[in-house]
$ cat data.cif   # mmCIF, C-alpha atoms and all ligand atoms
data_model
#
loop_
_atom_site.group_PDB
_atom_site.id
_atom_site.type_symbol
_atom_site.label_atom_id
_atom_site.label_comp_id
_atom_site.auth_asym_id
_atom_site.auth_seq_id
_atom_site.Cartn_x
_atom_site.Cartn_y
_atom_site.Cartn_z
ATOM 1 C CA MET A 1 174.723 164.148 69.676
ATOM 2 C CA GLY A 2 177.348 162.363 71.770
ATOM 3 C CA LEU A 3 177.340 164.731 74.758
ATOM 4 C CA LEU A 4 177.426 161.740 77.141
ATOM 5 C CA LYS A 5 179.714 159.392 75.227
ATOM 6 C CA ASN A 6 181.389 156.832 77.558
ATOM 7 C CA LYS A 7 179.338 158.059 80.539
ATOM 8 C CA TYR A 8 177.479 155.751 82.939
ATOM 9 C CA ALA A 9 174.196 157.186 84.196
ATOM 10 C CA ILE A 10 171.510 156.174 86.673
ATOM 11 C CA VAL A 11 167.957 157.469 86.422
ATOM 12 C CA THR A 12 165.609 156.553 89.284
ATOM 13 C CA GLY A 13 161.865 156.206 88.730
ATOM 14 C CA ALA A 14 162.348 155.881 84.970
ATOM 15 C CA ALA A 15 160.088 152.888 84.295
ATOM 16 C CA SER A 16 156.940 154.985 83.857
ATOM 17 C CA ALA A 17 156.334 155.031 80.082
ATOM 18 C CA ARG A 18 155.294 158.700 79.796
ATOM 19 C CA GLY A 19 157.428 159.929 82.684
ATOM 20 C CA LEU A 20 160.208 162.472 82.925
ATOM 21 C CA GLY A 21 162.678 159.758 83.955
ATOM 22 C CA LYS A 22 162.051 157.630 80.868
ATOM 23 C CA ALA A 23 162.356 160.646 78.564
ATOM 24 C CA THR A 24 165.591 161.616 80.309
ATOM 25 C CA ALA A 25 167.004 158.095 80.052
ATOM 26 C CA GLN A 26 166.054 158.036 76.362
ATOM 27 C CA MET A 27 167.787 161.340 75.633
ATOM 28 C CA PHE A 28 170.888 160.334 77.623
ATOM 29 C CA ALA A 29 171.087 157.034 75.681
ATOM 30 C CA GLU A 30 170.774 158.930 72.374
ATOM 31 C CA HIS A 31 173.780 160.977 73.520
ATOM 32 C CA GLY A 32 175.904 157.879 74.093
ATOM 33 C CA ALA A 33 175.424 157.128 77.805
ATOM 34 C CA THR A 34 174.966 153.657 79.243
ATOM 35 C CA ILE A 35 171.882 153.790 81.470
ATOM 36 C CA ALA A 36 170.620 152.029 84.584
ATOM 37 C CA ILE A 37 166.944 152.479 85.349
ATOM 38 C CA LEU A 38 166.073 151.948 89.010
ATOM 39 C CA ASP A 39 162.384 151.582 89.830
ATOM 40 C CA LEU A 40 160.072 149.676 92.162
ATOM 41 C CA ASP A 41 159.318 146.762 89.856
ATOM 42 C CA ALA A 42 162.190 144.735 88.363
ATOM 43 C CA ASP A 43 160.301 143.656 85.229
ATOM 44 C CA ALA A 44 159.131 147.209 84.492
ATOM 45 C CA ALA A 45 162.660 148.559 85.016
ATOM 46 C CA LYS A 46 164.153 145.880 82.731
ATOM 47 C CA ALA A 47 161.525 146.504 80.033
ATOM 48 C CA ALA A 48 162.170 150.257 80.153
ATOM 49 C CA ALA A 49 165.926 149.657 79.887
ATOM 50 C CA ALA A 50 165.394 147.306 76.923
ATOM 51 C CA ASP A 51 163.398 150.063 75.181
ATOM 52 C CA LEU A 52 166.564 152.195 75.212
ATOM 53 C CA GLY A 53 168.505 149.648 73.167
ATOM 54 C CA LYS A 54 171.242 147.140 73.966
ATOM 55 C CA GLY A 55 173.529 147.298 77.001
ATOM 56 C CA HIS A 56 171.267 149.262 79.348
ATOM 57 C CA VAL A 57 170.242 147.884 82.725
ATOM 58 C CA GLY A 58 166.994 147.798 84.713
ATOM 59 C CA LEU A 59 167.074 147.057 88.436
ATOM 60 C CA ALA A 60 164.472 146.922 91.185
ATOM 61 C CA CYS A 61 165.213 149.523 93.850
ATOM 62 C CA ASN A 62 162.882 151.163 96.322
ATOM 63 C CA VAL A 63 164.687 154.448 96.911
ATOM 64 C CA THR A 64 163.277 154.717 100.445
ATOM 65 C CA ASP A 65 165.247 151.592 101.441
ATOM 66 C CA LYS A 66 168.888 152.494 102.137
ATOM 67 C CA ASP A 67 170.109 148.887 101.948
ATOM 68 C CA ALA A 68 168.369 148.402 98.590
ATOM 69 C CA CYS A 69 169.981 151.601 97.255
ATOM 70 C CA ASN A 70 173.435 150.488 98.390
ATOM 71 C CA ALA A 71 172.928 147.009 96.896
ATOM 72 C CA ALA A 72 171.783 148.387 93.516
ATOM 73 C CA ILE A 73 174.709 150.799 93.282
ATOM 74 C CA GLN A 74 177.164 148.053 94.296
ATOM 75 C CA THR A 75 175.794 145.844 91.497
ATOM 76 C CA LEU A 76 176.370 148.657 89.004
ATOM 77 C CA MET A 77 179.855 149.492 90.322
ATOM 78 C CA ASP A 78 180.820 145.793 90.061
ATOM 79 C CA SER A 79 179.731 145.795 86.436
ATOM 80 C CA TRP A 80 180.647 149.318 85.249
ATOM 81 C CA GLY A 81 183.457 150.317 87.637
ATOM 82 C CA ARG A 82 182.204 153.915 87.743
ATOM 83 C CA ILE A 83 179.054 156.046 87.837
ATOM 84 C CA ASP A 84 179.216 159.481 86.217
ATOM 85 C CA ILE A 85 175.642 160.733 86.468
ATOM 86 C CA LEU A 86 172.736 160.261 88.868
ATOM 87 C CA VAL A 87 169.275 161.675 88.199
ATOM 88 C CA ASN A 88 167.126 161.487 91.329
ATOM 89 C CA ASN A 89 163.775 161.438 89.563
ATOM 90 C CA ALA A 90 161.589 158.989 91.551
ATOM 91 C CA GLY A 91 158.720 160.875 93.138
ATOM 92 C CA ILE A 92 155.105 160.645 94.233
ATOM 93 C CA THR A 93 152.341 163.178 94.848
ATOM 94 C CA GLN A 94 149.143 163.116 96.894
ATOM 95 C CA PRO A 95 146.296 165.554 96.163
ATOM 96 C CA LEU A 96 145.586 166.488 99.789
ATOM 97 C CA LYS A 97 144.875 169.738 101.591
ATOM 98 C CA ILE A 98 146.812 170.715 104.689
ATOM 99 C CA MET A 99 144.302 169.366 107.266
ATOM 100 C CA GLU A 100 143.923 166.089 105.390
ATOM 101 C CA ILE A 101 147.569 165.080 105.762
ATOM 102 C CA GLU A 102 147.978 162.128 108.131
ATOM 103 C CA PRO A 103 151.360 160.966 109.441
ATOM 104 C CA GLN A 104 151.444 158.121 106.910
ATOM 105 C CA ASN A 105 150.834 160.588 104.056
ATOM 106 C CA TYR A 106 153.635 162.838 105.234
ATOM 107 C CA ASP A 107 155.999 159.878 105.628
ATOM 108 C CA ALA A 108 155.213 158.394 102.211
ATOM 109 C CA VAL A 109 155.698 161.650 100.288
ATOM 110 C CA THR A 110 158.800 162.849 102.115
ATOM 111 C CA ASP A 111 160.303 159.347 102.050
ATOM 112 C CA VAL A 112 160.215 158.933 98.268
ATOM 113 C CA ASN A 113 160.933 162.525 97.224
ATOM 114 C CA LEU A 114 163.454 163.572 99.865
ATOM 115 C CA ARG A 115 164.839 160.574 101.754
ATOM 116 C CA GLY A 116 165.193 158.642 98.473
ATOM 117 C CA THR A 117 167.212 161.482 96.955
ATOM 118 C CA LEU A 118 169.572 161.358 99.946
ATOM 119 C CA TYR A 119 169.953 157.567 99.987
ATOM 120 C CA VAL A 120 170.754 157.064 96.294
ATOM 121 C CA SER A 121 173.098 160.060 96.371
ATOM 122 C CA GLN A 122 174.916 158.658 99.421
ATOM 123 C CA ALA A 123 175.390 155.388 97.559
ATOM 124 C CA VAL A 124 177.058 157.014 94.504
ATOM 125 C CA ILE A 125 179.006 159.856 96.147
ATOM 126 C CA PRO A 126 182.051 157.865 97.414
ATOM 127 C CA GLY A 127 182.766 156.619 93.875
ATOM 128 C CA MET A 128 182.312 160.097 92.395
ATOM 129 C CA ILE A 129 184.669 161.597 94.990
ATOM 130 C CA ALA A 130 187.254 158.885 94.263
ATOM 131 C CA GLN A 131 187.126 159.577 90.511
ATOM 132 C CA LYS A 132 186.984 163.364 91.103
ATOM 133 C CA SER A 133 184.006 163.850 88.827
ATOM 134 C CA GLY A 134 180.259 163.398 88.813
ATOM 135 C CA SER A 135 176.959 165.125 88.203
ATOM 136 C CA ILE A 136 173.863 164.653 90.351
ATOM 137 C CA VAL A 137 170.567 166.094 89.108
ATOM 138 C CA ASN A 138 167.654 166.261 91.557
ATOM 139 C CA LEU A 139 164.018 166.682 90.535
ATOM 140 C CA SER A 140 162.368 169.384 92.620
ATOM 141 C CA SER A 141 159.206 171.211 91.492
ATOM 142 C CA VAL A 142 157.585 174.592 90.967
ATOM 143 C CA SER A 143 155.453 173.462 93.946
ATOM 144 C CA ALA A 144 158.529 174.009 96.150
ATOM 145 C CA GLN A 145 158.933 177.569 94.914
ATOM 146 C CA ARG A 146 155.405 178.899 95.142
ATOM 147 C CA GLY A 147 153.632 176.407 97.442
ATOM 148 C CA GLY A 148 150.589 174.421 96.523
ATOM 149 C CA GLY A 149 149.954 173.229 93.061
ATOM 150 C CA ILE A 150 146.596 171.603 92.716
ATOM 151 C CA PHE A 151 147.589 167.964 92.740
ATOM 152 C CA GLY A 152 150.853 167.790 94.645
ATOM 153 C CA GLY A 153 149.827 168.413 98.232
ATOM 154 C CA PRO A 154 151.493 170.704 100.803
ATOM 155 C CA HIS A 155 153.668 167.860 102.052
ATOM 156 C CA TYR A 156 154.887 167.422 98.441
ATOM 157 C CA SER A 157 155.776 171.143 98.327
ATOM 158 C CA ALA A 158 157.675 170.700 101.603
ATOM 159 C CA ALA A 159 159.525 167.607 100.384
ATOM 160 C CA LYS A 160 160.497 169.277 97.088
ATOM 161 C CA ALA A 161 161.656 172.399 98.984
ATOM 162 C CA GLY A 162 163.747 169.999 101.067
ATOM 163 C CA VAL A 163 165.239 168.673 97.835
ATOM 164 C CA LEU A 164 166.398 172.220 96.983
ATOM 165 C CA GLY A 165 168.096 172.600 100.370
ATOM 166 C CA LEU A 166 169.702 169.191 100.076
ATOM 167 C CA THR A 167 170.885 170.027 96.557
ATOM 168 C CA LYS A 168 172.627 173.217 97.665
ATOM 169 C CA ALA A 169 174.183 171.599 100.756
ATOM 170 C CA MET A 170 175.477 168.647 98.742
ATOM 171 C CA ALA A 171 176.759 170.999 96.024
ATOM 172 C CA ARG A 172 178.717 173.059 98.556
ATOM 173 C CA GLU A 173 180.224 170.006 100.273
ATOM 174 C CA LEU A 174 181.135 168.139 97.081
ATOM 175 C CA ALA A 175 182.355 171.036 94.912
ATOM 176 C CA PRO A 176 186.032 170.637 95.947
ATOM 177 C CA ASP A 177 185.880 167.080 94.568
ATOM 178 C CA ASN A 178 184.413 168.238 91.233
ATOM 179 C CA VAL A 179 181.084 166.552 91.961
ATOM 180 C CA ARG A 180 178.315 168.886 90.814
ATOM 181 C CA VAL A 181 174.770 168.836 92.209
ATOM 182 C CA ASN A 182 171.917 170.765 90.611
ATOM 183 C CA ALA A 183 168.124 170.754 90.709
ATOM 184 C CA ILE A 184 165.399 171.053 88.094
ATOM 185 C CA CYS A 185 162.087 172.661 89.006
ATOM 186 C CA PRO A 186 159.535 171.527 86.410
ATOM 187 C CA GLY A 187 156.224 173.308 86.139
ATOM 188 C CA PHE A 188 153.145 171.551 84.787
ATOM 189 C CA ILE A 189 154.385 168.663 82.620
ATOM 190 C CA ALA A 190 152.037 166.139 80.986
ATOM 191 C CA THR A 191 152.975 162.738 82.529
ATOM 192 C CA ASP A 192 151.212 159.965 84.497
ATOM 193 C CA ILE A 193 151.772 161.991 87.683
ATOM 194 C CA THR A 194 149.496 164.741 86.289
ATOM 195 C CA ALA A 195 147.197 162.694 83.995
ATOM 196 C CA GLY A 196 143.547 162.657 84.990
ATOM 197 C CA LYS A 197 144.181 164.631 88.191
ATOM 198 C CA LEU A 198 142.552 167.886 87.038
ATOM 199 C CA THR A 199 139.061 168.801 85.861
ATOM 200 C CA ALA A 200 138.762 170.702 82.563
ATOM 201 C CA ASP A 201 138.275 173.947 84.535
ATOM 202 C CA GLN A 202 141.334 173.272 86.685
ATOM 203 C CA GLN A 203 143.420 172.472 83.599
ATOM 204 C CA GLN A 204 142.370 175.744 82.012
ATOM 205 C CA MET A 205 143.276 177.600 85.228
ATOM 206 C CA VAL A 206 146.729 176.006 85.200
ATOM 207 C CA LEU A 207 147.254 176.849 81.509
ATOM 208 C CA ASP A 208 146.123 180.452 82.125
ATOM 209 C CA GLY A 209 149.007 180.749 84.620
ATOM 210 C CA ILE A 210 151.621 179.640 82.071
ATOM 211 C CA PRO A 211 152.833 182.517 79.859
ATOM 212 C CA MET A 212 153.848 180.070 77.122
ATOM 213 C CA GLY A 213 150.264 178.781 77.130
ATOM 214 C CA ARG A 214 150.978 175.070 77.112
ATOM 215 C CA ALA A 215 151.862 172.216 79.436
ATOM 216 C CA GLY A 216 155.467 171.115 79.265
ATOM 217 C CA ALA A 217 156.527 167.907 77.547
ATOM 218 C CA ALA A 218 158.721 165.293 79.216
ATOM 219 C CA SER A 219 161.400 166.068 76.614
ATOM 220 C CA ASP A 220 161.496 169.701 77.839
ATOM 221 C CA VAL A 221 162.699 168.440 81.230
ATOM 222 C CA ALA A 222 164.975 165.800 79.684
ATOM 223 C CA GLY A 223 166.795 168.505 77.700
ATOM 224 C CA CYS A 224 167.513 170.412 80.895
ATOM 225 C CA ALA A 225 168.721 167.214 82.600
ATOM 226 C CA LEU A 226 171.031 166.581 79.628
ATOM 227 C CA PHE A 227 172.551 170.047 80.021
ATOM 228 C CA LEU A 228 173.096 169.580 83.767
ATOM 229 C CA ALA A 229 174.463 166.037 83.365
ATOM 230 C CA SER A 230 176.905 166.922 80.602
ATOM 231 C CA ASP A 231 180.082 169.004 80.514
ATOM 232 C CA LEU A 232 178.075 171.832 78.926
ATOM 233 C CA SER A 233 177.268 172.801 82.534
ATOM 234 C CA ALA A 234 180.790 172.144 83.855
ATOM 235 C CA TYR A 235 180.811 175.333 85.990
ATOM 236 C CA CYS A 236 177.232 175.030 87.315
ATOM 237 C CA THR A 237 176.649 173.631 90.771
ATOM 238 C CA GLY A 238 174.024 174.322 93.428
ATOM 239 C CA THR A 239 171.705 175.814 90.815
ATOM 240 C CA GLU A 240 167.965 175.297 90.372
ATOM 241 C CA VAL A 241 166.750 175.514 86.785
ATOM 242 C CA ASP A 242 163.091 176.343 86.110
ATOM 243 C CA VAL A 243 161.406 174.425 83.292
ATOM 244 C CA ASN A 244 157.948 175.919 83.559
ATOM 245 C CA GLY A 245 156.995 177.922 80.457
ATOM 246 C CA GLY A 246 157.452 181.161 82.393
ATOM 247 C CA SER A 247 155.107 180.302 85.283
ATOM 248 C CA LEU A 248 157.112 182.335 87.812
ATOM 249 C CA ILE A 249 157.529 185.495 85.727
HETATM 250 P P1 LIG B 301 155.655 159.442 87.167
HETATM 251 O O1 LIG B 301 154.601 159.136 88.160
HETATM 252 O O2 LIG B 301 155.331 159.334 85.710
HETATM 253 O O3 LIG B 301 156.936 158.534 87.465
HETATM 254 C C1 LIG B 301 157.438 158.384 88.772
HETATM 255 C C2 LIG B 301 158.229 157.092 88.828
HETATM 256 O O4 LIG B 301 158.767 156.961 90.136
HETATM 257 C C3 LIG B 301 157.390 155.841 88.539
HETATM 258 O O5 LIG B 301 158.044 155.048 87.560
HETATM 259 C C4 LIG B 301 157.340 155.130 89.901
HETATM 260 O O6 LIG B 301 157.254 153.718 89.805
HETATM 261 C C5 LIG B 301 158.663 155.584 90.513
HETATM 262 N N1 LIG B 301 158.685 155.462 91.965
HETATM 263 C C6 LIG B 301 157.723 155.843 92.850
HETATM 264 N N2 LIG B 301 158.099 155.525 94.104
HETATM 265 C C7 LIG B 301 159.331 154.958 94.016
HETATM 266 C C8 LIG B 301 160.241 154.411 94.961
HETATM 267 N N3 LIG B 301 159.955 154.384 96.270
HETATM 268 N N4 LIG B 301 161.413 153.899 94.515
HETATM 269 C C9 LIG B 301 161.706 153.909 93.193
HETATM 270 N N5 LIG B 301 160.889 154.402 92.244
HETATM 271 C C10 LIG B 301 159.716 154.919 92.662
HETATM 272 O O7 LIG B 301 156.207 160.908 87.523
HETATM 273 P P2 LIG B 301 156.803 162.087 86.600
HETATM 274 O O8 LIG B 301 155.723 163.039 86.282
HETATM 275 O O9 LIG B 301 157.626 161.513 85.510
HETATM 276 O O10 LIG B 301 157.725 162.839 87.668
HETATM 277 C C11 LIG B 301 159.109 162.587 87.776
HETATM 278 C C12 LIG B 301 159.693 163.513 88.815
HETATM 279 O O11 LIG B 301 159.470 164.883 88.439
HETATM 280 C C13 LIG B 301 159.081 163.347 90.207
HETATM 281 O O12 LIG B 301 160.069 163.529 91.183
HETATM 282 C C14 LIG B 301 158.068 164.487 90.255
HETATM 283 O O13 LIG B 301 157.762 164.865 91.563
HETATM 284 C C15 LIG B 301 158.795 165.571 89.484
HETATM 285 N N6 LIG B 301 157.914 166.588 88.913
HETATM 286 C C16 LIG B 301 156.963 166.276 87.984
HETATM 287 C C17 LIG B 301 156.145 167.282 87.472
HETATM 288 C C18 LIG B 301 155.076 167.010 86.427
HETATM 289 O O14 LIG B 301 154.311 167.947 86.104
HETATM 290 N N7 LIG B 301 154.978 165.804 85.888
HETATM 291 C C19 LIG B 301 156.305 168.598 87.909
HETATM 292 C C20 LIG B 301 157.278 168.891 88.854
HETATM 293 C C21 LIG B 301 158.087 167.873 89.342
#
$ encode --input "data.cif" --output "structure tokens" --more "lines below"
Ligand code: NAD
Amino acid sequence: MGLLKNKYAIVTGAASARGLGKATAQMFAEHGATIAILDLDADAAKAAAADLGKGHVGLACNVTDKDACNAAIQTLMDSWGRIDILVNNAGITQPLKIMEIEPQNYDAVTDVNLRGTLYVSQAVIPGMIAQKSGSIVNLSSVSAQRGGGIFGGPHYSAAKAGVLGLTKAMARELAPDNVRVNAICPGFIATDITAGKLTADQQQMVLDGIPMGRAGAASDVAGCALFLASDLSAYCTGTEVDVNGGSLI
């Protein structure tokens, strides 16, 4: 307990009740951090922040809108004076095959997963450089590492592979300022993004490919985010950590 005492943390896309972002925000709050949840809907973001206890903040922010990202971060800087941790968690999937992807599909998926990661990071980086400390954690996916995945879509794999490249480039550029940037690659985790997307046969096929024989829980990913956000990982930057029950063995 207390790994994030006196830290100020942002988690994007954390309003979804069963999501990885909410579980991460919850675990960070239990470890003493003050949290801001950024999500599409202001009421949902505020309600999710209230669930964490007193003093946490929920703000509307569409991560694909650079001005909205800058405005949200400015609001937090005015109130907190610093931001120590950013978890770029907002993401969407589309269960399409390669020939089904239309320009609007490609734009939507790359905008949220990849462009959003860039925009929110750009908004927090100047403050982190000035204070000579910060940790940015980006949500990639096993879909980036092995292609496909039944429900993500090839454009999702491409966007999440882009997140890995962005993570490493940001890590290299920001390392001299003690701002660390790492990625998490979750495997099959039971959340709203996966719920109801697979038939019983497909679910069994997915489970057969997981040596640990079970889907991950949101808390499995949150624990990894806690490690990367905290000083426990003080010498880790540019890494990608697999949270997939052994799926790539
Ligand atoms: P989820 O669907 O439960 O939650 C996603 C959240 O992102 C929602 O609250 C949604 O409102 C928000 N969001 C969507 N578009 C947004 C935008 N433009 N601006 C701000 N917020 C936006 O998803 P999840 O399963 O918790 O996934 C979280 C992250 O982990 C995503 O990046 C996802 O791609 C990644 N991931 C999930 C799995 C899995 O199995 N669940 C596996 C690998 C990677």
$ residues_around --input "data.cif" --residues "Arg172 (chain A)" --least-positions-apart "3" --cutoff "12 Å" --atoms "all atoms listed in the file" --output "ChimeraX atom specification"
/A:165-169,175-182,236-239
$ write_last_selection --input "data.cif" --atoms "C-alpha atoms" --output "short mmCIF file (atom, residue, chain, number, x, y, z; two decimals), in the frame of the given file"
data_model
loop_
_atom_site.label_atom_id
_atom_site.label_comp_id
_atom_site.auth_asym_id
_atom_site.auth_seq_id
_atom_site.Cartn_x
_atom_site.Cartn_y
_atom_site.Cartn_z
CA GLY A 165 168.10 172.60 100.37
CA LEU A 166 169.70 169.19 100.08
CA THR A 167 170.88 170.03 96.56
CA LYS A 168 172.63 173.22 97.66
CA ALA A 169 174.18 171.60 100.76
CA ALA A 175 182.36 171.04 94.91
CA PRO A 176 186.03 170.64 95.95
CA ASP A 177 185.88 167.08 94.57
CA ASN A 178 184.41 168.24 91.23
CA VAL A 179 181.08 166.55 91.96
CA ARG A 180 178.32 168.89 90.81
CA VAL A 181 174.77 168.84 92.21
CA ASN A 182 171.92 170.76 90.61
CA CYS A 236 177.23 175.03 87.32
CA THR A 237 176.65 173.63 90.77
CA GLY A 238 174.02 174.32 93.43
CA THR A 239 171.70 175.81 90.82
#
$ residues_around --input "data.cif" --residues "Ile85 (chain A)" --least-positions-apart "4" --cutoff "6 Å" --atoms "all atoms listed in the file" --output "PDB file with C-alpha atoms, in the frame of the given file"
ATOM      1  CA  ALA A   9     174.196 157.186  84.196  1.00  0.00           C
ATOM      2  CA  GLY A 134     180.259 163.398  88.813  1.00  0.00           C
ATOM      3  CA  SER A 135     176.959 165.125  88.203  1.00  0.00           C
ATOM      4  CA  ILE A 136     173.863 164.653  90.351  1.00  0.00           C
TER       5      ILE A 136
END
$ closest_atom_pairs --input "data.cif" --of "chain A" --to "ligand LIG 301 (chain B)" --cutoff "6 Å" --atoms "all atoms listed in the file" --output "tab-separated table"
residue	atom	partner	partner_atom	distance
A:Thr12	CA	B:LIG301	N5	6.0
A:Gly13	CA	B:LIG301	O4	3.5
A:Ala14	CA	B:LIG301	O5	5.1
A:Ala15	CA	B:LIG301	O5	4.4
A:Ser16	CA	B:LIG301	O5	3.9
A:Arg18	CA	B:LIG301	O2	5.9
A:Gly19	CA	B:LIG301	O9	3.2
A:Leu20	CA	B:LIG301	O9	3.8
A:Gly21	CA	B:LIG301	O9	5.6
A:Asp39	CA	B:LIG301	N5	4.0
A:Leu40	CA	B:LIG301	C9	4.7
A:Cys61	CA	B:LIG301	C9	5.7
A:Asn62	CA	B:LIG301	N4	3.6
A:Val63	CA	B:LIG301	N4	4.1
A:Thr64	CA	B:LIG301	N3	5.3
A:Asn89	CA	B:LIG301	O12	4.6
A:Ala90	CA	B:LIG301	O4	3.8
A:Gly91	CA	B:LIG301	O12	3.6
A:Ile92	CA	B:LIG301	C6	5.6
A:Val112	CA	B:LIG301	N3	5.0
A:Leu139	CA	B:LIG301	O12	5.1
A:Ser140	CA	B:LIG301	C21	5.6
A:Ser141	CA	B:LIG301	C20	4.0
A:Pro186	CA	B:LIG301	C20	4.2
A:Gly187	CA	B:LIG301	C19	5.0
A:Phe188	CA	B:LIG301	O14	4.0
A:Ile189	CA	B:LIG301	O14	3.6
A:Ala190	CA	B:LIG301	N7	5.7
A:Thr191	CA	B:LIG301	O8	4.7
A:Asp192	CA	B:LIG301	O2	4.3
A:Ile193	CA	B:LIG301	O1	4.0
A:Thr194	CA	B:LIG301	N7	5.6
$ resolve_selection --input "data.cif" --expression "the PyMOL selection byres (((chain A and resi 212-223) around 7) and not hetatm)" --output "list of chain:residue names"
A:Gly19, A:Leu20, A:Ala23, A:Thr24, A:Met27, A:Pro186, A:Phe188, A:Ile189, A:Ala190, A:Leu207, A:Asp208, A:Ile210, A:Pro211, A:Cys224, A:Ala225, A:Leu226, A:Phe227, A:Val243, A:Asn244, A:Gly245, A:Gly246
$ closest_residue --input "data.cif" --among "A:Ala171, A:Val11, A:Leu96, A:Leu3" --to "Gly148 (chain A)" --atoms "only C-alpha atoms"
A:Leu96
$ closest_residue --input "data.cif" --among "A:His31, A:Arg146, A:Lys66, A:His56" --to "Ile10 (chain A)" --atoms "all atoms listed in the file"
A:His56
$ resolve_selection --input "data.cif" --expression "the PyMOL selection byres (((chain A and resi 151) around 10) and not hetatm)" --output "mmCIF file with C-alpha atoms, in the frame of the given file"
data_model
loop_
_atom_site.group_PDB
_atom_site.id
_atom_site.type_symbol
_atom_site.label_atom_id
_atom_site.label_comp_id
_atom_site.auth_asym_id
_atom_site.auth_seq_id
_atom_site.Cartn_x
_atom_site.Cartn_y
_atom_site.Cartn_z
ATOM 1 C CA THR A 93 152.341 163.178 94.848
ATOM 2 C CA GLN A 94 149.143 163.116 96.894
ATOM 3 C CA PRO A 95 146.296 165.554 96.163
ATOM 4 C CA LEU A 96 145.586 166.488 99.789
ATOM 5 C CA LYS A 97 144.875 169.738 101.591
ATOM 6 C CA SER A 143 155.453 173.462 93.946
ATOM 7 C CA GLY A 148 150.589 174.421 96.523
ATOM 8 C CA GLY A 149 149.954 173.229 93.061
ATOM 9 C CA ILE A 150 146.596 171.603 92.716
ATOM 10 C CA GLY A 152 150.853 167.790 94.645
ATOM 11 C CA GLY A 153 149.827 168.413 98.232
ATOM 12 C CA PRO A 154 151.493 170.704 100.803
ATOM 13 C CA TYR A 156 154.887 167.422 98.441
ATOM 14 C CA ILE A 193 151.772 161.991 87.683
ATOM 15 C CA THR A 194 149.496 164.741 86.289
ATOM 16 C CA LYS A 197 144.181 164.631 88.191
ATOM 17 C CA LEU A 198 142.552 167.886 87.038
#
$ closest_residue --input "data.cif" --among "A:Ala200, A:Ala144, A:Lys22, A:Phe28" --to "Ala47 (chain A)" --atoms "only C-alpha atoms"
A:Lys22
$ closest_residue --input "data.cif" --among "A:Gln202, A:Thr34, A:Gln145, A:Ser133" --to "Ser79 (chain A)" --atoms "all atoms listed in the file"
A:Thr34
$ atom_distance --input "data.cif" --atom1 "CA of Lys7 (chain A)" --atom2 "CA of Val124 (chain A)"
14.2 Å
$ axis_aligned_box --input "data.cif" --around "region 179-192 of chain A" --padding-each-side "5 Å" --output "JSON"
{"center_x": 166.1, "center_y": 166.6, "center_z": 86.6, "size_x": 39.9, "size_y": 23.3, "size_z": 21.2}
$ atom_distance --input "data.cif" --atom1 "CA of Ile125 (chain A)" --atom2 "CA of Ala234 (chain A)"
17.5 Å
$ residues_around --input "data.cif" --residues "Gly81 (chain A)" --least-positions-apart "6" --cutoff "12 Å" --atoms "all atoms listed in the file" --output "number ranges by chain"
A: 7-8, 73-75, 124, 127-128, 130-131
$ residues_near_point --input "data.cif" --point "(159.0, 167.8, 97.5)" --cutoff "8 Å" --atoms "only C-alpha atoms" --output "PyMOL selection string"
chain A and resi 109-110+113-114+140-141+143-144+155-163
$ write_last_selection --input "data.cif" --atoms "C-alpha atoms" --output "mmCIF file, in the frame of the given file"
data_model
loop_
_atom_site.group_PDB
_atom_site.id
_atom_site.type_symbol
_atom_site.label_atom_id
_atom_site.label_comp_id
_atom_site.auth_asym_id
_atom_site.auth_seq_id
_atom_site.Cartn_x
_atom_site.Cartn_y
_atom_site.Cartn_z
ATOM 1 C CA VAL A 109 155.698 161.650 100.288
ATOM 2 C CA THR A 110 158.800 162.849 102.115
ATOM 3 C CA ASN A 113 160.933 162.525 97.224
ATOM 4 C CA LEU A 114 163.454 163.572 99.865
ATOM 5 C CA SER A 140 162.368 169.384 92.620
ATOM 6 C CA SER A 141 159.206 171.211 91.492
ATOM 7 C CA SER A 143 155.453 173.462 93.946
ATOM 8 C CA ALA A 144 158.529 174.009 96.150
ATOM 9 C CA HIS A 155 153.668 167.860 102.052
ATOM 10 C CA TYR A 156 154.887 167.422 98.441
ATOM 11 C CA SER A 157 155.776 171.143 98.327
ATOM 12 C CA ALA A 158 157.675 170.700 101.603
ATOM 13 C CA ALA A 159 159.525 167.607 100.384
ATOM 14 C CA LYS A 160 160.497 169.277 97.088
ATOM 15 C CA ALA A 161 161.656 172.399 98.984
ATOM 16 C CA GLY A 162 163.747 169.999 101.067
ATOM 17 C CA VAL A 163 165.239 168.673 97.835
#
$ resolve_selection --input "data.cif" --expression "the PyMOL selection byres (((chain A and resi 59) around 7) and not hetatm)" --output "PyMOL selection string"
chain A and resi 37-39+42+45-46+57-58+60-61
$ closest_residue --input "data.cif" --among "A:Met99, A:Val87, A:Leu164, A:Met205" --to "Ser121 (chain A)" --atoms "all atoms listed in the file"
A:Val87
